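S.K.: Before I ask anything, let me first share the structure, which is written out below as structure tokens.
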Amino acid sequence: MDVIAGLLNGPRADGAFLLRSLLTPPWSLRVQDQAPLTLVAVVSGTAWVVPERVPSTAGAVTVTGAPTRLCRGDLAILRGPDPYVFADDPATEPQAVIHPGQRCTTPDGEDLGDLRALGTRSWGNAPDGATVLVTGTYQVLSEICAPLLSALPPLAVLRDGECDTPLIPLLADEVARDTPGQDAVLDRLLDLLTVVALRTWLARPDVETPAWYRAQDDPVVGTALHLIHDDPAHPWTVAGLADAAHVSRAALARRFTAEVGEPPMAYLANWRLALSADLLRDPAATIASVAEQVGYGSAFALSAAFKRVRGISPKEHRERAAREAIPVAAVRPWRVAV
């Protein structure tokens with residue numbers, strides 16, 4: 001399992017927020033929902049996206065990237081938690097603000113919950129709007145995806161035809177359906193589209209991928225990485241990994257450290273702890289059962305390692321994750337007078 005596969009094997013898009021927006025100019029939305037990852041596909045029409053940032057010492061919002069025009073077939077990947085604006089034109093002032101939990105207000109903070117929707121998982125300012133966007137938002141992502149997210153820019157755009165997949169039109173059709181089990185169908189489609197999109201982005205020749213990602217293609221280091229990813233509970237040693245890669249221990253340690261940026265046993269420990277952090281989100285999982293799944297001999301051993309590296313105990317991590325979980329509000333439509 002690699003870090004992209006972790007999107008499907010960690011806390012997946014269960015309960016993800018998916019929405020179809022039907023829009024006619026003038027329109028502008030500021031999104032400040034703090035979601036870690038969002039995909040926006042342009043099904044028809046055009047849109048502009050402007051990445052922004054809220055400085056840590058003040059509440060002001062500043063533009064951190066040039067406005068980017070999106071056309072039909074384009075796919076935008078937005079990395080949180082910084083806000084961004086989607087609009088018909090960069091000069092159009094935001095008419096609605098999307099907050100955590102997908103709560104929608106006016107820029108002055110007035111709730112927009114009394115406005116009507118435009119169909120199943122659909123909203124906007126015109127039922128026949130020329131611009132149609134499909135948005136998929138992850139509320140929570142796997143811990144093992146943190147290195148991947150940090151390697152992404154705030155905004156990555158794949159142009160029409162660059163991401164060769166039938167998933168975008170399929171998701172656009174499915175998002176408006178109201179049938180039994182549809183939420184699960186949409187979650188899985190979003191998962192698949194995300195994996196394809198990220199894989200396509202990282203394969204672009206103009207994208208400088210991080211060393212740990214490129215190392216997966218190394219015949220020696222890649223072998224060790226796949227063994228660690230696929231079976232983290234195995235009692236791996238440098239000698240065991242080296243034997244599997246058909247090199248000496250010294251050669252593996254040297255090459256692994258050079259390619260990945262840390263020694264193999266340090267990487268293994270961090271991978272196990274990231275998996276543990278994901279598994280601990282399940283309230284039914286005990287610390288002992290998680291320890292067994294990731295290769296620690298006991299709950300005590302896992303707790304000690306978790307506390308040493310992350311600064312909190314597994315129990316504290318679980319409690320914090322529960323507190324920080326953002327419930328997704330019922331879809332509250334945005335509609336302005338045209």
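As shown in the structure tokens, the chain order sets the letters A, B, ...; within each chain, residues go from 1, and ligands are also counted from 1 in the order they appear.
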Would you list, as a compact mmCIF listing (two decimals) with C-alpha atoms, in the first residue's frame, the residues of range 50-261 of chain A that end up in strand (DSSP E or B) under DSSP run on this structure's backbone?

M.R.:
# COMPACT_ATOMS: atom_id res chain seq x y z
CA VAL A 50 -8.51 32.29 -6.27
CA PRO A 51 -6.47 30.72 -3.43
CA GLU A 52 -6.38 32.82 -0.28
CA ARG A 53 -4.80 32.66 3.14
CA THR A 62 -5.00 37.84 1.56
CA VAL A 63 -4.67 36.50 -1.96
CA THR A 68 -7.02 30.71 -12.40
CA ARG A 69 -9.69 30.27 -15.04
CA LEU A 70 -11.36 26.87 -15.23
CA LEU A 75 -10.59 19.53 -12.44
CA ALA A 76 -9.29 21.57 -9.50
CA ILE A 77 -7.61 19.97 -6.49
CA LEU A 78 -7.66 22.28 -3.46
CA ARG A 79 -5.59 21.59 -0.36
CA TYR A 84 -10.38 30.08 -1.58
CA VAL A 85 -12.93 31.84 -3.75
CA PHE A 86 -14.88 30.41 -6.68
CA ALA A 87 -16.53 33.03 -8.87
CA ALA A 96 -21.92 33.57 0.27
CA VAL A 97 -19.39 32.03 2.66
CA ILE A 98 -19.03 28.28 3.29
CA HIS A 99 -17.92 27.48 6.85
CA ARG A 103 -22.70 25.94 7.01
CA CYS A 104 -23.54 28.73 4.59
CA THR A 105 -23.84 32.42 5.50
CA ASP A 111 -27.46 32.34 7.98
CA SER A 122 -27.97 20.67 -5.86
CA TRP A 123 -27.95 24.37 -5.12
CA GLY A 124 -27.09 27.63 -6.78
CA THR A 131 -22.04 26.90 -15.12
CA VAL A 132 -22.33 23.54 -13.39
CA LEU A 133 -19.75 22.50 -10.81
CA VAL A 134 -19.49 19.21 -8.94
CA THR A 135 -17.69 19.49 -5.61
CA GLY A 136 -16.42 16.65 -3.45
CA THR A 137 -15.04 17.57 -0.03
CA TYR A 138 -13.21 15.30 2.39
CA LEU A 155 -4.35 24.69 -5.96
CA ALA A 156 -3.57 22.06 -8.59
CA VAL A 157 -5.47 22.12 -11.89
CA LEU A 158 -5.84 19.29 -14.37

S.K.: When you count only C-alpha atoms, which of these residues is closest to Ala16 in chain A: A:Leu186, A:Ala91, A:Ala239, A:Ala321?

M.R.: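 Residue with the minimum atom-to-atom distance to Ala16 in chain A: A:Leu186.
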
S.K.: Can you pull out every residue within 6 Å of Val42 in chain A, counting only C-alpha atoms, but drop anything in the same chain fewer than 5 positions away, and send it as a list in words?

M.R.: Arg72, Gly73, Asp74 and Leu133 of chain A

S.K.: Mind dumping a table of every range 193-237 of chain A residue within 12 Å of range 282-304 of chain A, with the nearest atom pair and its distance in Å to one decimal, using only C-alpha atoms, sorted by chain and rising number, as a Markdown table?

M.R.:
| residue | atom | partner | partner_atom | distance |
| --- | --- | --- | --- | --- |
| A:Ile228 | CA | A:Val294 | CA | 10.3 |
| A:His229 | CA | A:Val294 | CA | 10.3 |
| A:Asp230 | CA | A:Val294 | CA | 10.7 |
| A:Asp231 | CA | A:Val294 | CA | 8.2 |
| A:Pro232 | CA | A:Val294 | CA | 5.4 |
| A:Ala233 | CA | A:Gly295 | CA | 3.5 |
| A:His234 | CA | A:Gly295 | CA | 6.1 |
| A:Pro235 | CA | A:Gly295 | CA | 6.7 |
| A:Trp236 | CA | A:Gly295 | CA | 9.1 |

S.K.: One number please: CA of Phe306 in chain A to CA of Met265 in chain A, in Å, one decimal.

M.R.: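 Calculated distance between CA of Phe306 in chain A and CA of Met265 in chain A is 15.3 Å.
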
S.K.: Suppose you want the space between CA of Thr24 in chain A and CA of Ala47 in chain A; what is it in Å?

M.R.: 10.4 Å

S.K.: Just give me the gap between CA of Glu143 in chain A and CA of Leu275 in chain A in Å, one decimal is fine.

M.R.: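 Between CA of Glu143 in chain A and CA of Leu275 in chain A the gap is 6.9 Å.
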
S.K.: Taking only C-alpha atoms into account, which of A:Leu202, A:Ala266, A:Leu225, A:Leu22 comes nearest Ala151 in chain A?

M.R.: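 Closest to Ala151 in chain A, using only C-alpha atoms: A:Leu202.
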
S.K.: Using only C-alpha atoms, can you tell me which of A:Leu241, A:Leu273, A:Leu171, A:Ile312 comes closest to Arg20 in chain A?

M.R.: A:Leu171

S.K.: Using only C-alpha atoms, determine which residues lie at most 8 Å from Ala245 in chain A, disregarding the query and same-chain residues fewer than 6 positions distant; provide the list as a list in words.

M.R.: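 Once the nearby chain positions are removed, what remains is Pro219, Val220, Val221, Thr223, Ala224 and Leu252 of chain A.
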
S.K.: For the selection just defined, write its residues with N, CA and C atoms to a file, as a CSV table (one decimal), in the first residue's frame.

M.R.:
chain,number,residue,atom,x,y,z
A,219,PRO,N,14.3,0.3,-7.7
A,219,PRO,CA,14.2,-1.2,-7.5
A,219,PRO,C,14.6,-1.7,-6.2
A,220,VAL,N,15.4,-1.1,-5.5
A,220,VAL,CA,15.8,-1.5,-4.1
A,220,VAL,C,14.9,-0.9,-3.1
A,221,VAL,N,14.9,0.4,-3.0
A,221,VAL,CA,14.1,1.1,-2.0
A,221,VAL,C,12.6,0.9,-2.2
A,223,THR,N,11.2,-1.8,-3.3
A,223,THR,CA,10.9,-3.1,-2.7
A,223,THR,C,10.7,-3.1,-1.2
A,224,ALA,N,11.6,-2.4,-0.5
A,224,ALA,CA,11.5,-2.2,0.9
A,224,ALA,C,10.2,-1.4,1.3
A,252,LEU,N,21.3,-1.2,1.6
A,252,LEU,CA,19.9,-0.8,1.8
A,252,LEU,C,19.8,0.5,2.7
